[in-house]
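Visitor: Encoded as structure tokens, here's the structure I'll be asking about.
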Number of protein chains: 2
Amino acid sequence: MTAAHVALIQYSCSNIKSENIEKAEWFIEKAARDGADVAALPELFNTTYFCREIDQHFFSWAEPVPGPTTELFCNLAKKLNIVILLPLFERKAAGIYFNTMVVIERDGTIPGIYRKMHIPDDPGFYEKYYFTPGDLGFKVFDTSAGKIGTLICWDQWFPEAARITALKGADILVYPTAIGTLPDESVTDKAEFSDAWRTIQRSHGIANGCYVASINRVGTEGGTTFWGNSFICGPFGQMITEMGEEEGVQIAKVDYSTIENHRQIWPYFRDRRIDAYKSILKRHQ
Amino acid sequence: MTAAHVALIQYSCSNIKSENIEKAEWFIEKAARDGADVAALPELFNTTYFCREIDQHFFSWAEPVPGPTTELFCNLAKKLNIVILLPLFERKAAGIYFNTMVVIERDGTIPGIYRKMHIPDDPGFYEKYYFTPGDLGFKVFDTSAGKIGTLICWDQWFPEAARITALKGADILVYPTAIGTLPDESVTDKAEFSDAWRTIQRSHGIANGCYVASINRVGTEGGTTFWGNSFICGPFGQMITEMGEEEGVQIAKVDYSTIENHRQIWPYFRDRRIDAYKSILKRHQ
């Protein structure tokens, strides 16, 4: 796979799961009609961002993988001949729930899943209450739309996650996301946050000589405003496509064949001092 | 030390060491007069960027540490009551040469040195010919102008170097640099390179919740044009000061007291998955 058309899909969610599922289906169908090889959805694609609150009720939204929702999208993937990256709230067992991304191939099979490794916990983002930290490590899936490194939201702030995923062979790092501003945060805060959010992800493209795709939700949920701005950038952090704050789908061609030339010119992988990185495994020193 | 005035000093170099030394002295004196606590010089402060060529003759420019040059600047530091970060070509022994930064305290003592860990080797940047890779690991110096993490140029492209240095307690990562464009590189290339250069370093501030200072030389040497643009950014990657492409000194106040609050709001250090990073020690997998 030397290139792929990647569709970023961003939308707002309601409290009614079936509505969110229909919306996702509608956008994936549009993406497929417009020539996408892979459709990437935002984090927790079929629910509101319920982690805004701590409420036991929301555990009822978790679902098994495979399960009815993945079956629906496996069928859709097969019908449309498209790879789907489906991030959802996974119920593994009573008391064990993950923030998961399901990778679905064009033939409707599931090559595997990724479970979010880094779990945030901050005002309005109480994820440690809901999600067990990922237990599968960092993952790359060699799909018919490229070697896709699967990461989720908070993972995007950790260079280690990007590095390990890239070393495992990812051509593109994909970050479904739910990031926005709280009611008491200003326009200046938002500008600073979104700039840092964009910068740290672009830096993963630069440090690892690979592509990065980030897919954020839009809309306001209980005062939290998600800022969209889904984007794809290249191996030098250069923006290839970038969305606004409206619902929609945007497709960009990602040319994986540029990666090797880029890494020959900027040979970071050659020069890493793996003999001297051991203390990165410490909490502090 | 809760804050410091950091002076970025950028200038062009000639083939005559004494001229470059005089220029550095002049700028450090100006920085001290203008209230700087620490003066940061560009990589290989008293020579041209000789790594443009492979020529045994240039080994004669290497010098011992401590030696006549460090003695000169230790005296200057004491006279001016200023911390000096002095990057130079170090001769350790016959056949062992390093790209080194000497940390000089206000009292004229040398608390230690850092030897560049990541050594590039690309057209016009033939550093592997001259420099033995650093053998001291990543370093932080608790100086009277703050906890300074010492890194050099090519190190700036490696998130591991920034992370380990920040975990060792750095409030500010300082990158003396020699980066520019070759004669056959276009204005577009330069814009893309310098944007990536700025972005990757800003990302280290973001990922680690600390300050970053980068000091580049200016001027043209045998066709290579160094682009200056020395800068300091904050823990969210926000630009605090940024220079152009002219010689000069620019001083900015760096408020280390913001770091703890910032890291409480953006608690990446709390959430690092140190149990899952082991494969970062591999070349590839």
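Labeling convention for the structure tokens: chains A, B, ... as they appear, residues from 1 per chain, ligands from 1 in order of appearance.
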Set out as a Markdown table a contact list for chain A and chain B with a cut-off of 7 Å, giving each residue of chain A that qualifies its closest atom pair and distance in Å to one decimal, counting only C-alpha atoms, ordered by chain and rising residue number.
Guide:
```
| residue | atom | partner | partner_atom | distance |
| --- | --- | --- | --- | --- |
| A:His118 | CA | B:Asp271 | CA | 6.2 |
| A:Ile119 | CA | B:Asp271 | CA | 6.9 |
| A:Gly137 | CA | B:Ala276 | CA | 6.4 |
| A:Trp157 | CA | B:Ala207 | CA | 6.0 |
| A:Phe158 | CA | B:Ala207 | CA | 6.5 |
| A:Pro159 | CA | B:Pro159 | CA | 6.3 |
| A:Glu160 | CA | B:Tyr277 | CA | 6.8 |
| A:Ile164 | CA | B:Ile280 | CA | 5.7 |
| A:Leu167 | CA | B:His284 | CA | 5.2 |
| A:Lys168 | CA | B:Gln285 | CA | 5.3 |
| A:Ala196 | CA | B:Phe236 | CA | 6.1 |
| A:Thr199 | CA | B:Ser203 | CA | 6.2 |
| A:Ile200 | CA | B:Ser203 | CA | 5.1 |
| A:Ser203 | CA | B:Ile200 | CA | 5.0 |
| A:Ile206 | CA | B:Ala196 | CA | 6.8 |
| A:Ala207 | CA | B:Trp157 | CA | 6.0 |
| A:Phe236 | CA | B:Ala196 | CA | 6.1 |
| A:Gly237 | CA | B:Ala196 | CA | 6.4 |
| A:Asp271 | CA | B:His118 | CA | 6.2 |
| A:Arg272 | CA | B:His118 | CA | 6.9 |
| A:Arg273 | CA | B:His118 | CA | 6.7 |
| A:Ile274 | CA | B:Leu281 | CA | 5.0 |
| A:Ala276 | CA | B:Gly137 | CA | 6.4 |
| A:Tyr277 | CA | B:Leu281 | CA | 6.4 |
| A:Lys278 | CA | B:Leu281 | CA | 6.8 |
| A:Ser279 | CA | B:Ile164 | CA | 6.6 |
| A:Ile280 | CA | B:Ile164 | CA | 5.7 |
| A:Leu281 | CA | B:Ile274 | CA | 5.0 |
| A:Lys282 | CA | B:Ile274 | CA | 6.4 |
| A:Arg283 | CA | B:Ile274 | CA | 6.8 |
| A:His284 | CA | B:Leu167 | CA | 5.2 |
| A:Gln285 | CA | B:Lys168 | CA | 5.3 |
```
Visitor: Give the alpha helix (DSSP H) residues of segment 56-188 of chain B, as DSSP finds them on the backbone, and put them as a list in words.
Guide: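 Of segment 56-188 of chain B, the ones in alpha helix (DSSP H) are Pro68, Thr69, Thr70, Glu71, Leu72, Phe73, Cys74, Asn75, Leu76, Ala77, Lys78, Lys79, Leu80, Glu127, Lys128, Tyr129, Tyr130, Pro159, Glu160, Ala161, Ala162, Arg163, Ile164, Thr165, Ala166, Leu167, Val187 and Thr188 of chain B.
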Visitor: Give me, please, the distance in Å between atom CA of Asn216 of chain A and atom CA of Val103 of chain A, quoted to one decimal.
Guide: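 Interatomic distance here is 17.7 Å.
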Visitor: Using only C-alpha atoms, can you tell me which of A:Val249, A:Leu72, A:Ile259, A:Leu182 comes closest to Glu22 of chain A?
Guide: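 The shortest atom-to-atom distance to Glu22 of chain A comes from A:Leu72.
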Visitor: List as a PDB file with all heavy atoms, in the first residue's frame the protein and nucleic acid residues near Ala31 of chain B, meaning an atom at most 7 Å away when only C-alpha atoms are counted, but skip any in the same chain fewer than 5 places from it.
Guide:
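Saved file part12.pdb follows:
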```pdb
ATOM      1  N   ALA B   7      19.715  35.289  28.251  1.00  0.00           N
ATOM      2  CA  ALA B   7      20.157  36.012  27.050  1.00  0.00           C
ATOM      3  C   ALA B   7      20.513  35.028  25.946  1.00  0.00           C
ATOM      4  O   ALA B   7      21.354  34.147  26.130  1.00  0.00           O
ATOM      5  CB  ALA B   7      21.369  36.881  27.374  1.00  0.00           C
ATOM      6  N   ALA B  36      21.032  40.222  32.228  1.00  0.00           N
ATOM      7  CA  ALA B  36      20.901  38.772  32.048  1.00  0.00           C
ATOM      8  C   ALA B  36      21.541  38.015  33.213  1.00  0.00           C
ATOM      9  O   ALA B  36      22.573  38.424  33.756  1.00  0.00           O
ATOM     10  CB  ALA B  36      21.542  38.340  30.736  1.00  0.00           C
ATOM     11  N   ALA B  39      23.960  33.689  29.942  1.00  0.00           N
ATOM     12  CA  ALA B  39      24.204  33.987  28.526  1.00  0.00           C
ATOM     13  C   ALA B  39      24.409  32.671  27.792  1.00  0.00           C
ATOM     14  O   ALA B  39      25.262  31.875  28.167  1.00  0.00           O
ATOM     15  CB  ALA B  39      25.436  34.865  28.374  1.00  0.00           C
ATOM     16  N   VAL B 249      21.779  40.182  20.667  1.00  0.00           N
ATOM     17  CA  VAL B 249      21.489  39.521  21.935  1.00  0.00           C
ATOM     18  C   VAL B 249      20.065  39.904  22.312  1.00  0.00           C
ATOM     19  O   VAL B 249      19.654  41.050  22.126  1.00  0.00           O
ATOM     20  CB  VAL B 249      22.513  39.913  23.029  1.00  0.00           C
ATOM     21  CG1 VAL B 249      22.651  41.414  23.155  1.00  0.00           C
ATOM     22  CG2 VAL B 249      22.133  39.319  24.378  1.00  0.00           C
TER      23      VAL B 249
END
```
Visitor: Compile the contact shell of Val218 of chain B as a ChimeraX atom specification: residues with an atom at most 7 Å away, counting only C-alpha atoms, same-chain residues fewer than 3 positions apart removed.
Guide: /B:10-12,226-228,245-247
Visitor: Compare A:Ile9, A:Cys153, A:Ile110, A:Ala62 by their minimum atom-to-atom distance to Phe98 of chain A, counting only C-alpha atoms, and give me the closest one.
Guide: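 Among the listed residues, A:Ala62 lies closest to Phe98 of chain A.
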Visitor: Report the residues of segment 62-198 of chain B whose backbone DSSP state falls under strand (DSSP E or B), written as a PyMOL selection string.
Guide: chain B and resi 63+83-93+96-104+112-115+122+125+139-143+146-150+172-177+180-181
Visitor: Which of these, A:Lys190, A:His5, A:Lys116, A:Arg106, has the shortest distance to Ile172 of chain A once you count only C-alpha atoms?
Guide: A:His5
Visitor: Neighbouring residues of Asn99 of chain A were defined as those with any atom within 9 Å, considering only C-alpha atoms; residues of the same chain fewer than 6 positions away were excluded. Please report them as an MDAnalysis selection string.
Guide: chainID A and resid 43:44 87:90 114:117 119 127 130:134 152
Visitor: Closest to Ser186 of chain A among A:Val212, A:Leu151, A:Thr225, A:Asp37, using only C-alpha atoms?
Guide: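 Using only C-alpha atoms, the shortest distance to Ser186 of chain A belongs to A:Thr225.
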Visitor: Leaving out Ala145 of chain B and any residue of its chain fewer than 5 positions from it, which residues lie within 9 Å of it when counting only C-alpha atoms, given as a ChimeraX atom specification?
Guide: /B:1-6,37-38,82-83,105
Visitor: Would you put the residues from that selection into a file with N, CA, C and O atoms, as a PDB file, in the first residue's frame?
Guide:
```pdb
ATOM      1  N   MET B   1      15.773  29.181  42.807  1.00  0.00           N
ATOM      2  CA  MET B   1      15.731  30.089  41.646  1.00  0.00           C
ATOM      3  C   MET B   1      14.354  29.996  40.989  1.00  0.00           C
ATOM      4  O   MET B   1      14.019  28.979  40.396  1.00  0.00           O
ATOM      5  N   THR B   2      13.524  31.019  41.141  1.00  0.00           N
ATOM      6  CA  THR B   2      12.165  30.955  40.584  1.00  0.00           C
ATOM      7  C   THR B   2      12.036  31.648  39.235  1.00  0.00           C
ATOM      8  O   THR B   2      11.030  31.495  38.564  1.00  0.00           O
ATOM      9  N   ALA B   3      13.037  32.424  38.866  1.00  0.00           N
ATOM     10  CA  ALA B   3      12.999  33.083  37.555  1.00  0.00           C
ATOM     11  C   ALA B   3      14.421  33.469  37.169  1.00  0.00           C
ATOM     12  O   ALA B   3      15.304  33.566  38.027  1.00  0.00           O
ATOM     13  N   ALA B   4      14.634  33.665  35.881  1.00  0.00           N
ATOM     14  CA  ALA B   4      15.955  34.104  35.415  1.00  0.00           C
ATOM     15  C   ALA B   4      15.784  34.891  34.131  1.00  0.00           C
ATOM     16  O   ALA B   4      14.843  34.660  33.373  1.00  0.00           O
ATOM     17  N   HIS B   5      16.690  35.813  33.927  1.00  0.00           N
ATOM     18  CA  HIS B   5      16.741  36.524  32.650  1.00  0.00           C
ATOM     19  C   HIS B   5      17.757  35.799  31.765  1.00  0.00           C
ATOM     20  O   HIS B   5      18.946  35.743  32.098  1.00  0.00           O
ATOM     21  N   VAL B   6      17.247  35.236  30.697  1.00  0.00           N
ATOM     22  CA  VAL B   6      18.074  34.402  29.811  1.00  0.00           C
ATOM     23  C   VAL B   6      18.418  35.202  28.560  1.00  0.00           C
ATOM     24  O   VAL B   6      17.521  35.740  27.897  1.00  0.00           O
ATOM     25  N   ASP B  37      20.908  36.910  33.608  1.00  0.00           N
ATOM     26  CA  ASP B  37      21.486  35.995  34.598  1.00  0.00           C
ATOM     27  C   ASP B  37      22.316  34.909  33.936  1.00  0.00           C
ATOM     28  O   ASP B  37      23.199  34.319  34.553  1.00  0.00           O
ATOM     29  N   VAL B  38      21.969  34.613  32.691  1.00  0.00           N
ATOM     30  CA  VAL B  38      22.670  33.549  31.982  1.00  0.00           C
ATOM     31  C   VAL B  38      22.782  33.941  30.515  1.00  0.00           C
ATOM     32  O   VAL B  38      21.840  34.493  29.931  1.00  0.00           O
ATOM     33  N   ILE B  82      27.679  36.356  35.928  1.00  0.00           N
ATOM     34  CA  ILE B  82      26.698  35.798  34.991  1.00  0.00           C
ATOM     35  C   ILE B  82      27.045  34.332  34.706  1.00  0.00           C
ATOM     36  O   ILE B  82      28.232  33.965  34.683  1.00  0.00           O
ATOM     37  N   VAL B  83      26.021  33.515  34.552  1.00  0.00           N
ATOM     38  CA  VAL B  83      26.225  32.128  34.121  1.00  0.00           C
ATOM     39  C   VAL B  83      26.455  32.131  32.610  1.00  0.00           C
ATOM     40  O   VAL B  83      25.765  32.850  31.882  1.00  0.00           O
ATOM     41  N   GLU B 105      29.596  28.785  36.065  1.00  0.00           N
ATOM     42  CA  GLU B 105      28.805  29.500  37.085  1.00  0.00           C
ATOM     43  C   GLU B 105      29.278  30.953  37.241  1.00  0.00           C
ATOM     44  O   GLU B 105      30.354  31.317  36.773  1.00  0.00           O
TER      45      GLU B 105
END
```
Visitor: What separation in Å, quoted to one decimal, exists between atom CA of Arg52 of chain B and atom CA of Ala178 of chain B?
Guide: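 Computing it gives 10.7 Å between the two atoms.
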